[in-house]
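One file, input.cif, carrying mmCIF, C-alpha atoms:
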```cif
data_coords
loop_
_atom_site.group_PDB
_atom_site.id
_atom_site.type_symbol
_atom_site.label_atom_id
_atom_site.label_comp_id
_atom_site.auth_asym_id
_atom_site.auth_seq_id
_atom_site.Cartn_x
_atom_site.Cartn_y
_atom_site.Cartn_z
ATOM 1 C CA MET A 9 63.361 73.833 138.435
ATOM 2 C CA ALA A 10 63.340 76.296 135.543
ATOM 3 C CA SER A 11 60.368 78.650 135.424
ATOM 4 C CA MET A 12 58.329 79.094 132.247
ATOM 5 C CA LYS A 13 59.177 82.815 132.347
ATOM 6 C CA ASP A 14 62.926 82.063 132.231
ATOM 7 C CA ILE A 15 62.439 79.393 129.564
ATOM 8 C CA LYS A 16 60.539 81.900 127.443
ATOM 9 C CA GLU A 17 63.267 84.546 127.839
ATOM 10 C CA LEU A 18 66.045 82.076 127.030
ATOM 11 C CA ARG A 19 64.154 80.800 124.014
ATOM 12 C CA GLU A 20 63.675 84.356 122.713
ATOM 13 C CA ARG A 21 67.397 85.092 123.117
ATOM 14 C CA THR A 22 68.746 81.880 121.582
ATOM 15 C CA GLY A 23 65.993 80.427 119.401
ATOM 16 C CA ALA A 24 66.546 77.076 121.138
ATOM 17 C CA GLY A 25 63.676 74.689 121.754
ATOM 18 C CA VAL A 26 61.627 74.647 124.938
ATOM 19 C CA LEU A 27 63.131 71.385 126.199
ATOM 20 C CA ASP A 28 66.696 72.523 125.419
ATOM 21 C CA CYS A 29 66.108 75.807 127.271
ATOM 22 C CA LYS A 30 64.667 73.993 130.270
ATOM 23 C CA ASN A 31 67.621 71.603 130.424
ATOM 24 C CA ALA A 32 70.127 74.467 130.065
ATOM 25 C CA LEU A 33 68.543 76.407 132.932
ATOM 26 C CA ASN A 34 68.497 73.316 135.131
ATOM 27 C CA GLU A 35 72.171 72.662 134.347
ATOM 28 C CA THR A 36 73.106 76.272 135.236
ATOM 29 C CA ASN A 37 70.887 76.623 138.329
ATOM 30 C CA GLY A 38 68.595 79.105 136.587
ATOM 31 C CA ASP A 39 71.332 81.531 135.516
ATOM 32 C CA ILE A 40 70.122 82.818 132.141
ATOM 33 C CA GLU A 41 73.492 84.222 131.055
ATOM 34 C CA ALA A 42 75.202 80.943 131.895
ATOM 35 C CA ALA A 43 72.415 79.062 130.113
ATOM 36 C CA VAL A 44 73.032 81.111 126.955
ATOM 37 C CA GLU A 45 76.701 80.127 127.061
ATOM 38 C CA TYR A 46 75.752 76.522 127.802
ATOM 39 C CA LEU A 47 73.570 76.368 124.690
ATOM 40 C CA ARG A 48 76.282 78.003 122.579
ATOM 41 C CA GLU A 49 78.882 75.530 123.830
ATOM 42 C CA LYS A 50 76.611 72.640 122.971
ATOM 43 C CA GLY A 51 76.012 74.075 119.507
ATOM 44 C CA ILE A 52 72.302 74.152 120.246
ATOM 45 C CA ALA A 53 71.789 77.900 120.033
ATOM 46 C CA ALA A 54 73.189 78.078 116.509
ATOM 47 C CA ALA A 55 71.337 74.974 115.430
ATOM 48 C CA ALA A 56 68.040 76.024 116.959
ATOM 49 C CA LYS A 57 67.809 79.152 114.805
ATOM 50 C CA LYS A 58 67.215 76.759 111.934
ATOM 51 C CA ALA A 59 64.763 74.610 113.868
ATOM 52 C CA GLY A 60 61.752 76.809 113.122
ATOM 53 C CA ARG A 61 61.913 75.990 109.435
ATOM 54 C CA ILE A 62 59.776 73.154 108.181
ATOM 55 C CA ALA A 63 61.786 70.046 107.323
ATOM 56 C CA ALA A 64 59.733 68.305 104.656
ATOM 57 C CA GLU A 65 62.465 66.642 102.618
ATOM 58 C CA GLY A 66 64.696 63.818 103.791
ATOM 59 C CA ILE A 67 64.795 60.029 103.657
ATOM 60 C CA VAL A 68 62.511 57.143 104.521
ATOM 61 C CA ASN A 69 64.717 54.177 105.380
ATOM 62 C CA VAL A 70 64.059 50.493 106.065
ATOM 63 C CA LEU A 71 66.453 48.307 108.053
ATOM 64 C CA ILE A 72 66.009 44.610 108.865
ATOM 65 C CA ASN A 73 68.340 42.371 110.869
ATOM 66 C CA GLU A 74 70.110 39.346 109.337
ATOM 67 C CA GLU A 75 67.573 36.905 110.777
ATOM 68 C CA LYS A 76 64.799 38.984 109.151
ATOM 69 C CA ASN A 77 62.681 38.798 112.305
ATOM 70 C CA LYS A 78 63.221 42.369 113.513
ATOM 71 C CA GLY A 79 63.107 45.536 111.463
ATOM 72 C CA ILE A 80 62.233 49.210 111.360
ATOM 73 C CA VAL A 81 60.969 51.813 108.930
ATOM 74 C CA VAL A 82 61.988 55.361 109.836
ATOM 75 C CA GLU A 83 61.548 58.877 108.452
ATOM 76 C CA VAL A 84 64.230 61.508 109.036
ATOM 77 C CA ASN A 85 63.565 64.964 107.617
ATOM 78 C CA CYS A 86 65.711 67.831 106.406
ATOM 79 C CA GLU A 87 64.773 71.017 104.572
ATOM 80 C CA THR A 88 66.016 70.459 101.010
ATOM 81 C CA ASP A 89 66.439 67.645 98.539
ATOM 82 C CA PHE A 90 70.054 68.782 98.121
ATOM 83 C CA VAL A 91 70.840 67.910 101.751
ATOM 84 C CA ALA A 92 68.805 64.694 101.511
ATOM 85 C CA LYS A 93 71.356 63.542 98.914
ATOM 86 C CA ASN A 94 74.310 64.675 101.046
ATOM 87 C CA GLU A 95 76.513 61.794 102.273
ATOM 88 C CA LYS A 96 76.671 63.219 105.819
ATOM 89 C CA PHE A 97 72.891 63.233 106.024
ATOM 90 C CA LYS A 98 72.652 59.743 104.520
ATOM 91 C CA ASP A 99 75.175 58.464 107.065
ATOM 92 C CA LEU A 100 73.193 60.081 109.870
ATOM 93 C CA VAL A 101 69.963 58.408 108.714
ATOM 94 C CA SER A 102 71.767 55.066 108.414
ATOM 95 C CA ASN A 103 73.135 55.334 111.940
ATOM 96 C CA ILE A 104 69.815 56.511 113.389
ATOM 97 C CA SER A 105 68.226 53.466 111.759
ATOM 98 C CA LYS A 106 70.846 51.176 113.329
ATOM 99 C CA HIS A 107 70.287 52.790 116.706
ATOM 100 C CA ILE A 108 66.502 52.351 116.560
ATOM 101 C CA LEU A 109 66.825 48.741 115.370
ATOM 102 C CA GLN A 110 68.826 47.751 118.445
ATOM 103 C CA SER A 111 66.741 49.949 120.775
ATOM 104 C CA GLU A 112 63.565 49.010 122.623
ATOM 105 C CA ALA A 113 62.274 52.605 122.781
ATOM 106 C CA LYS A 114 58.664 52.942 121.692
ATOM 107 C CA THR A 115 58.475 56.669 120.885
ATOM 108 C CA VAL A 116 60.601 59.284 119.140
ATOM 109 C CA LYS A 117 60.868 61.168 122.433
ATOM 110 C CA ASP A 118 62.300 58.090 124.141
ATOM 111 C CA VAL A 119 64.768 57.480 121.306
ATOM 112 C CA LEU A 120 66.034 61.072 121.446
ATOM 113 C CA ALA A 121 66.776 60.709 125.156
ATOM 114 C CA GLU A 122 68.734 57.456 124.781
ATOM 115 C CA PRO A 123 72.555 57.274 124.880
ATOM 116 C CA TRP A 124 73.810 57.217 121.272
ATOM 117 C CA PHE A 125 74.780 53.662 120.347
ATOM 118 C CA LEU A 126 78.132 54.825 118.935
ATOM 119 C CA ASP A 127 78.985 57.143 121.840
ATOM 120 C CA GLY A 128 77.307 56.688 125.195
ATOM 121 C CA ASP A 129 78.436 60.122 126.374
ATOM 122 C CA LYS A 130 75.886 61.746 124.030
ATOM 123 C CA ASP A 131 72.180 61.215 123.617
ATOM 124 C CA VAL A 132 70.530 60.873 120.214
ATOM 125 C CA ASN A 133 69.091 64.382 120.418
ATOM 126 C CA THR A 134 72.579 65.847 120.850
ATOM 127 C CA VAL A 135 73.873 63.905 117.849
ATOM 128 C CA ILE A 136 71.064 65.336 115.713
ATOM 129 C CA LYS A 137 71.686 68.879 117.004
ATOM 130 C CA GLU A 138 75.383 68.525 116.132
ATOM 131 C CA ALA A 139 74.403 67.401 112.635
ATOM 132 C CA ILE A 140 72.118 70.436 112.289
ATOM 133 C CA ALA A 141 75.012 72.733 113.187
ATOM 134 C CA SER A 142 77.367 70.916 110.804
ATOM 135 C CA ILE A 143 75.038 70.507 107.809
ATOM 136 C CA GLY A 144 73.247 73.829 108.188
ATOM 137 C CA GLU A 145 69.635 72.688 107.959
ATOM 138 C CA ASN A 146 66.951 71.647 110.377
ATOM 139 C CA ILE A 147 66.937 67.855 110.819
ATOM 140 C CA ASN A 148 64.110 65.998 112.497
ATOM 141 C CA LEU A 149 63.614 62.371 113.493
ATOM 142 C CA ARG A 150 59.940 62.361 112.680
ATOM 143 C CA ARG A 151 58.639 58.825 113.163
ATOM 144 C CA PHE A 152 59.476 55.142 113.120
ATOM 145 C CA LYS A 153 57.790 51.758 113.325
ATOM 146 C CA ARG A 154 59.447 48.620 114.648
ATOM 147 C CA TYR A 155 58.303 45.047 113.987
ATOM 148 C CA THR A 156 59.365 41.798 115.627
ATOM 149 C CA THR A 157 57.868 38.669 114.105
ATOM 150 C CA ALA A 158 57.802 34.886 114.282
ATOM 151 C CA GLY A 159 57.677 34.868 110.477
ATOM 152 C CA PHE A 160 59.908 37.169 108.458
ATOM 153 C CA LEU A 161 60.057 40.814 107.430
ATOM 154 C CA GLN A 162 60.331 42.268 103.951
ATOM 155 C CA GLY A 163 61.255 45.840 103.158
ATOM 156 C CA TYR A 164 61.108 47.992 100.066
ATOM 157 C CA ILE A 165 62.390 51.511 99.401
ATOM 158 C CA HIS A 166 61.015 53.425 96.418
ATOM 159 C CA MET A 167 62.429 56.464 94.612
ATOM 160 C CA GLY A 168 65.613 56.579 96.654
ATOM 161 C CA GLY A 169 63.844 56.968 99.982
ATOM 162 C CA LYS A 170 60.677 58.877 99.081
ATOM 163 C CA ILE A 171 58.553 55.874 100.096
ATOM 164 C CA GLY A 172 59.458 53.041 102.458
ATOM 165 C CA VAL A 173 57.467 49.877 103.183
ATOM 166 C CA LEU A 174 57.916 47.232 105.887
ATOM 167 C CA VAL A 175 55.807 44.065 105.731
ATOM 168 C CA ASP A 176 55.384 41.374 108.379
ATOM 169 C CA ILE A 177 54.932 38.021 106.629
ATOM 170 C CA ASP A 178 53.565 34.872 108.274
ATOM 171 C CA ALA A 179 55.364 32.168 106.309
ATOM 172 C CA GLU A 180 58.567 30.153 106.178
ATOM 173 C CA LEU A 181 61.629 32.171 105.246
ATOM 174 C CA ASN A 182 62.704 30.900 101.837
ATOM 175 C CA GLU A 183 63.603 32.350 98.466
ATOM 176 C CA GLU A 184 60.172 31.910 96.876
ATOM 177 C CA ASN A 185 58.291 33.426 99.810
ATOM 178 C CA GLN A 186 60.718 36.350 99.869
ATOM 179 C CA ARG A 187 60.062 36.939 96.177
ATOM 180 C CA VAL A 188 56.307 37.087 96.781
ATOM 181 C CA ALA A 189 56.808 39.267 99.854
ATOM 182 C CA LYS A 190 58.853 41.735 97.810
ATOM 183 C CA ASP A 191 56.069 41.904 95.219
ATOM 184 C CA ILE A 192 53.599 42.626 98.026
ATOM 185 C CA ALA A 193 55.850 45.363 99.424
ATOM 186 C CA MET A 194 56.156 46.931 95.966
ATOM 187 C CA HIS A 195 52.381 46.736 95.578
ATOM 188 C CA ILE A 196 51.902 48.543 98.903
ATOM 189 C CA ALA A 197 54.320 51.264 97.812
ATOM 190 C CA ALA A 198 52.381 51.773 94.564
ATOM 191 C CA SER A 199 48.787 51.348 95.772
ATOM 192 C CA ASN A 200 48.941 52.879 99.267
ATOM 193 C CA PRO A 201 46.391 50.717 101.104
ATOM 194 C CA GLU A 202 45.154 52.152 104.380
ATOM 195 C CA TYR A 203 44.126 48.865 105.991
ATOM 196 C CA LEU A 204 45.031 45.199 105.782
ATOM 197 C CA THR A 205 41.435 43.911 105.784
ATOM 198 C CA ARG A 206 37.980 45.468 105.984
ATOM 199 C CA ASP A 207 37.749 44.319 109.616
ATOM 200 C CA GLU A 208 40.251 47.067 110.482
ATOM 201 C CA VAL A 209 38.029 49.839 109.103
ATOM 202 C CA SER A 210 36.398 51.588 112.054
ATOM 203 C CA ASP A 211 32.644 51.925 112.448
ATOM 204 C CA GLU A 212 33.138 55.705 112.353
ATOM 205 C CA VAL A 213 34.839 55.593 108.943
ATOM 206 C CA ILE A 214 32.211 53.203 107.578
ATOM 207 C CA ALA A 215 29.361 55.419 108.803
ATOM 208 C CA LYS A 216 30.999 58.494 107.299
ATOM 209 C CA GLU A 217 31.484 56.839 103.898
ATOM 210 C CA ARG A 218 27.942 55.486 103.831
ATOM 211 C CA ALA A 219 26.565 58.930 104.701
ATOM 212 C CA ILE A 220 28.548 60.533 101.869
ATOM 213 C CA TYR A 221 27.353 57.947 99.330
ATOM 214 C CA ARG A 222 23.744 58.231 100.536
ATOM 215 C CA GLU A 223 23.848 62.015 100.163
ATOM 216 C CA GLN A 224 25.265 61.633 96.657
ATOM 217 C CA MET A 225 22.414 59.327 95.655
ATOM 218 C CA LEU A 226 19.788 61.658 97.113
ATOM 219 C CA ASN A 227 21.328 64.576 95.225
ATOM 220 C CA GLU A 228 21.153 62.524 92.035
ATOM 221 C CA GLY A 229 17.455 61.884 92.652
ATOM 222 C CA LYS A 230 17.716 58.118 93.151
ATOM 223 C CA PRO A 231 14.580 56.505 94.647
ATOM 224 C CA GLU A 232 14.811 56.040 98.420
ATOM 225 C CA HIS A 233 14.020 52.298 98.290
ATOM 226 C CA ILE A 234 17.085 51.443 96.179
ATOM 227 C CA ILE A 235 19.616 53.798 97.784
ATOM 228 C CA ASP A 236 20.811 51.340 100.449
ATOM 229 C CA LYS A 237 21.566 48.724 97.796
ATOM 230 C CA ILE A 238 23.547 51.259 95.736
ATOM 231 C CA VAL A 239 25.421 52.380 98.842
ATOM 232 C CA ASP A 240 26.312 48.750 99.614
ATOM 233 C CA GLY A 241 27.818 48.451 96.157
ATOM 234 C CA LYS A 242 29.827 51.637 96.591
ATOM 235 C CA MET A 243 31.124 50.386 99.940
ATOM 236 C CA GLU A 244 32.446 47.265 98.215
ATOM 237 C CA LYS A 245 34.379 49.508 95.820
ATOM 238 C CA PHE A 246 35.622 51.525 98.794
ATOM 239 C CA TYR A 247 37.012 48.386 100.474
ATOM 240 C CA ALA A 248 38.663 47.388 97.205
ATOM 241 C CA GLN A 249 40.464 50.746 97.166
ATOM 242 C CA VAL A 250 41.666 50.945 100.777
ATOM 243 C CA CYS A 251 42.119 47.341 101.994
ATOM 244 C CA LEU A 252 45.288 45.539 100.918
ATOM 245 C CA VAL A 253 43.825 42.061 100.504
ATOM 246 C CA GLU A 254 40.960 43.405 98.369
ATOM 247 C CA GLN A 255 43.060 45.562 96.039
ATOM 248 C CA ALA A 256 43.780 44.389 92.489
ATOM 249 C CA PHE A 257 47.366 43.115 92.480
ATOM 250 C CA VAL A 258 49.550 45.535 90.501
ATOM 251 C CA ARG A 259 51.437 42.773 88.692
ATOM 252 C CA ASP A 260 48.266 40.923 87.697
ATOM 253 C CA THR A 261 45.095 42.986 87.988
ATOM 254 C CA ASP A 262 42.931 39.939 87.246
ATOM 255 C CA LYS A 263 43.470 38.803 90.823
ATOM 256 C CA THR A 264 43.377 40.490 94.203
ATOM 257 C CA VAL A 265 46.253 40.554 96.650
ATOM 258 C CA GLY A 266 44.196 38.248 98.870
ATOM 259 C CA GLN A 267 43.912 35.715 96.053
ATOM 260 C CA LEU A 268 47.659 35.888 95.454
ATOM 261 C CA LEU A 269 48.379 35.268 99.138
ATOM 262 C CA LYS A 270 46.031 32.280 99.135
ATOM 263 C CA GLU A 271 47.700 30.817 96.044
ATOM 264 C CA GLU A 272 51.143 31.226 97.585
ATOM 265 C CA ASN A 273 49.990 29.999 101.018
ATOM 266 C CA ILE A 274 51.395 32.989 102.880
ATOM 267 C CA GLN A 275 49.786 35.655 105.037
ATOM 268 C CA VAL A 276 50.455 39.308 105.760
ATOM 269 C CA ASN A 277 50.307 40.008 109.488
ATOM 270 C CA ASN A 278 50.853 43.757 109.217
ATOM 271 C CA PHE A 279 52.501 46.465 107.157
ATOM 272 C CA THR A 280 53.637 50.072 107.394
ATOM 273 C CA ARG A 281 54.042 52.469 104.489
ATOM 274 C CA TYR A 282 55.741 55.824 105.018
ATOM 275 C CA GLU A 283 55.720 58.474 102.320
ATOM 276 C CA LEU A 284 58.155 61.315 102.795
ATOM 277 C CA GLY A 285 56.543 64.449 104.209
ATOM 278 C CA GLU A 286 52.941 63.193 104.266
ATOM 279 C CA GLY A 287 50.933 65.238 106.768
ATOM 280 C CA ILE A 288 54.002 67.087 107.996
ATOM 281 C CA GLU A 289 52.646 70.636 107.731
ATOM 282 C CA LYS A 290 49.740 69.840 110.057
ATOM 283 C CA GLU A 291 52.142 68.225 112.532
ATOM 284 C CA GLU A 292 54.306 71.340 112.484
ATOM 285 C CA GLU A 293 51.269 73.551 113.106
ATOM 286 C CA ASP A 294 50.041 71.365 115.976
ATOM 287 C CA PHE A 295 53.505 71.244 117.540
ATOM 288 C CA ALA A 296 53.962 75.018 117.310
ATOM 289 C CA ALA A 297 50.564 75.552 118.909
ATOM 290 C CA GLU A 298 51.467 73.254 121.806
ATOM 291 C CA VAL A 299 54.793 75.019 122.357
ATOM 292 C CA MET A 300 53.186 78.459 122.383
ATOM 293 C CA LYS A 301 50.499 77.201 124.753
ATOM 294 C CA GLU A 302 53.166 76.099 127.239
ATOM 295 C CA ILE A 303 55.189 79.289 126.847
ATOM 296 C CA ASN A 304 52.189 81.556 127.381
ATOM 297 C CA LYS A 305 50.918 79.804 130.526
#
```
Any chance you could put this one into structure tokens?
Amino acid sequence: MASMKDIKELRERTGAGVLDCKNALNETNGDIEAAVEYLREKGIAAAAKKAGRIAAEGIVNVLINEEKNKGIVVEVNCETDFVAKNEKFKDLVSNISKHILQSEAKTVKDVLAEPWFLDGDKDVNTVIKEAIASIGENINLRRFKRYTTAGFLQGYIHMGGKIGVLVDIDAELNEENQRVAKDIAMHIAASNPEYLTRDEVSDEVIAKERAIYREQMLNEGKPEHIIDKIVDGKMEKFYAQVCLVEQAFVRDTDKTVGQLLKEENIQVNNFTRYELGEGIEKEEEDFAAEVMKEINK
């Protein structure tokens, strides 16, 4: 078993990630010099020097099977928009999407450890590391969401992969329902709802919002006895902003999405909206802190 001291030394010499260094030391029985060569042979040492750079560009992709009952939305990051438009990177994202669609893995970590669906002698992590070495930028499989449904799935990709939406629809699969589902997916891309219904909003979020609105009213000098009623009204506006079924439908703002769904006799079971790079800097900071915590133990 590789010691943290040896992992730290190997990481400092090669720039490789903690897990890669650990695996290399285990493969070489703790011989640091041999582990350096091992990482070089695998192309990991060269690739890892780029891995410290934040990858905030890339592609959000949506892939659904022919039966439209299983699908995924996935975000794969690179460093620059130039590489995001590169055919090699696009092919990699397409193949990663195909791999995840046929996989049962529930986490990114599990996906990375799986045998690559096109070549069982490699795992997904190795394929990505090889792409890093070939393309010359850090590449990161950041996140994915997989749906399986008794209804059908509808996807939508906006701005060439800057935003991707996957919607689980409870309705018969036919041309008219697919048309409505596509409108809903486009609405989600444009309006960015955080919840499906107000029932999904946690008590903590509700309490926080009410406290903010109450403080606003007190600061404005509103009488105490009418503040709760004003806050109730503001909460209704809050739900109309963040809950899909209560948002004004982008194609016809005279009705809500919920009213549209009722008219069309279909239901949204769930949805996922990924926007490229959202929250990525905080994730990078948290990850770096965790790595340094392990190294310095």
Straight-line distance linking CA of Ile72 in chain A with CA of Ile143 in chain A, stated in Å to one decimal: 27.4 Å
Can you list, as a PDB file with C-alpha atoms, in the coordinates of the input, every protein, DNA or RNA residue that comes within 10 Å of Pro123 in chain A when you count all atoms listed in the file, leaving out same-chain residues fewer than 4 positions away?
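Below you can see result.pdb, which holds the result:
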```
ATOM      1  CA  HIS A 107      70.287  52.790 116.706  1.00  0.00           C
ATOM      2  CA  VAL A 119      64.768  57.480 121.306  1.00  0.00           C
ATOM      3  CA  ASP A 127      78.985  57.143 121.840  1.00  0.00           C
ATOM      4  CA  GLY A 128      77.307  56.688 125.195  1.00  0.00           C
ATOM      5  CA  ASP A 129      78.436  60.122 126.374  1.00  0.00           C
ATOM      6  CA  LYS A 130      75.886  61.746 124.030  1.00  0.00           C
ATOM      7  CA  ASP A 131      72.180  61.215 123.617  1.00  0.00           C
ATOM      8  CA  VAL A 132      70.530  60.873 120.214  1.00  0.00           C
ATOM      9  CA  ASN A 133      69.091  64.382 120.418  1.00  0.00           C
ATOM     10  CA  THR A 134      72.579  65.847 120.850  1.00  0.00           C
ATOM     11  CA  VAL A 135      73.873  63.905 117.849  1.00  0.00           C
TER      12      VAL A 135
END
```
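Between CA of Asn200 in chain A and CA of Ala215 in chain A the separation is 21.9 Å.
Taking all atoms listed in the file into account, the polymer residues that have an atom no farther than 9 Å from (55.2, 42.7, 109.5) are Asn77, Lys78, Gly79, Arg154, Tyr155, Thr156, Thr157, Gly159, Phe160, Leu161, Gln162, Leu174, Val175, Asp176, Ile177, Asp178, Val276, Asn277, Asn278, Phe279 and Thr280 of chain A.
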So which residues touch Phe246 in chain A within 12 Å, counting only C-alpha atoms, skipping near sequence neighbours fewer than 6 positions away, as a list in words? Pro201, Glu202, Tyr203, Thr205, Arg206, Val209, Val213, Ile214, Lys216, Glu217, Arg218, Ile220, Tyr221, Val239, Asp240, Leu252, Glu254 and Gln255 of chain A
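Nearest residue to Lys137 in chain A, choosing from A:Asn185, A:His233, A:Leu47, A:Met167 and counting all atoms listed in the file: A:Leu47.
Residue nearest Ser199 in chain A, chosen from A:Leu181, A:Gln249, A:His166, A:Ala32 and counting all atoms listed in the file: A:Gln249.
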Kindly resolve the PyMOL selection byres ((chain A and resi 169) around 12) on the present coordinates and return the residues as a PyMOL selection string. chain A and resi 65-70+81-85+89+92-93+98+101-102+163-168+170-173+197+281-285
With 5 Å added on each side, what axis-aligned box encloses every listed atom of range 274-286 of chain A? Give the centre and edge lengths in Å to one decimal, as lines of an AutoDock Vina configuration file.
```
center_x = 54.0
center_y = 48.7
center_z = 105.9
size_x = 18.4
size_y = 41.5
size_z = 17.2
```
Using the chain letters and numbers from this file, what does the PyMOL selection byres ((chain A and resi 266-268) around 12) select? Give the answer as a VMD selection string. chain A and resid 185 188 to 189 191 to 192 195 204 to 206 248 251 to 265 269 to 276
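Taking CA of Met243 in chain A and CA of Leu226 in chain A as the two end points, the separation is 16.2 Å.
If you measure from each of A:Glu122, A:Lys106, A:Arg222, A:Glu286 to Arg150 in chain A using all atoms listed in the file, the closest one turns out to be A:Glu286.
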Run the PyMOL selection byres ((chain A and resi 38) around 12) on the file and write out the hits as a PyMOL selection string. chain A and resi 9-15+17-18+29-37+39-44+46
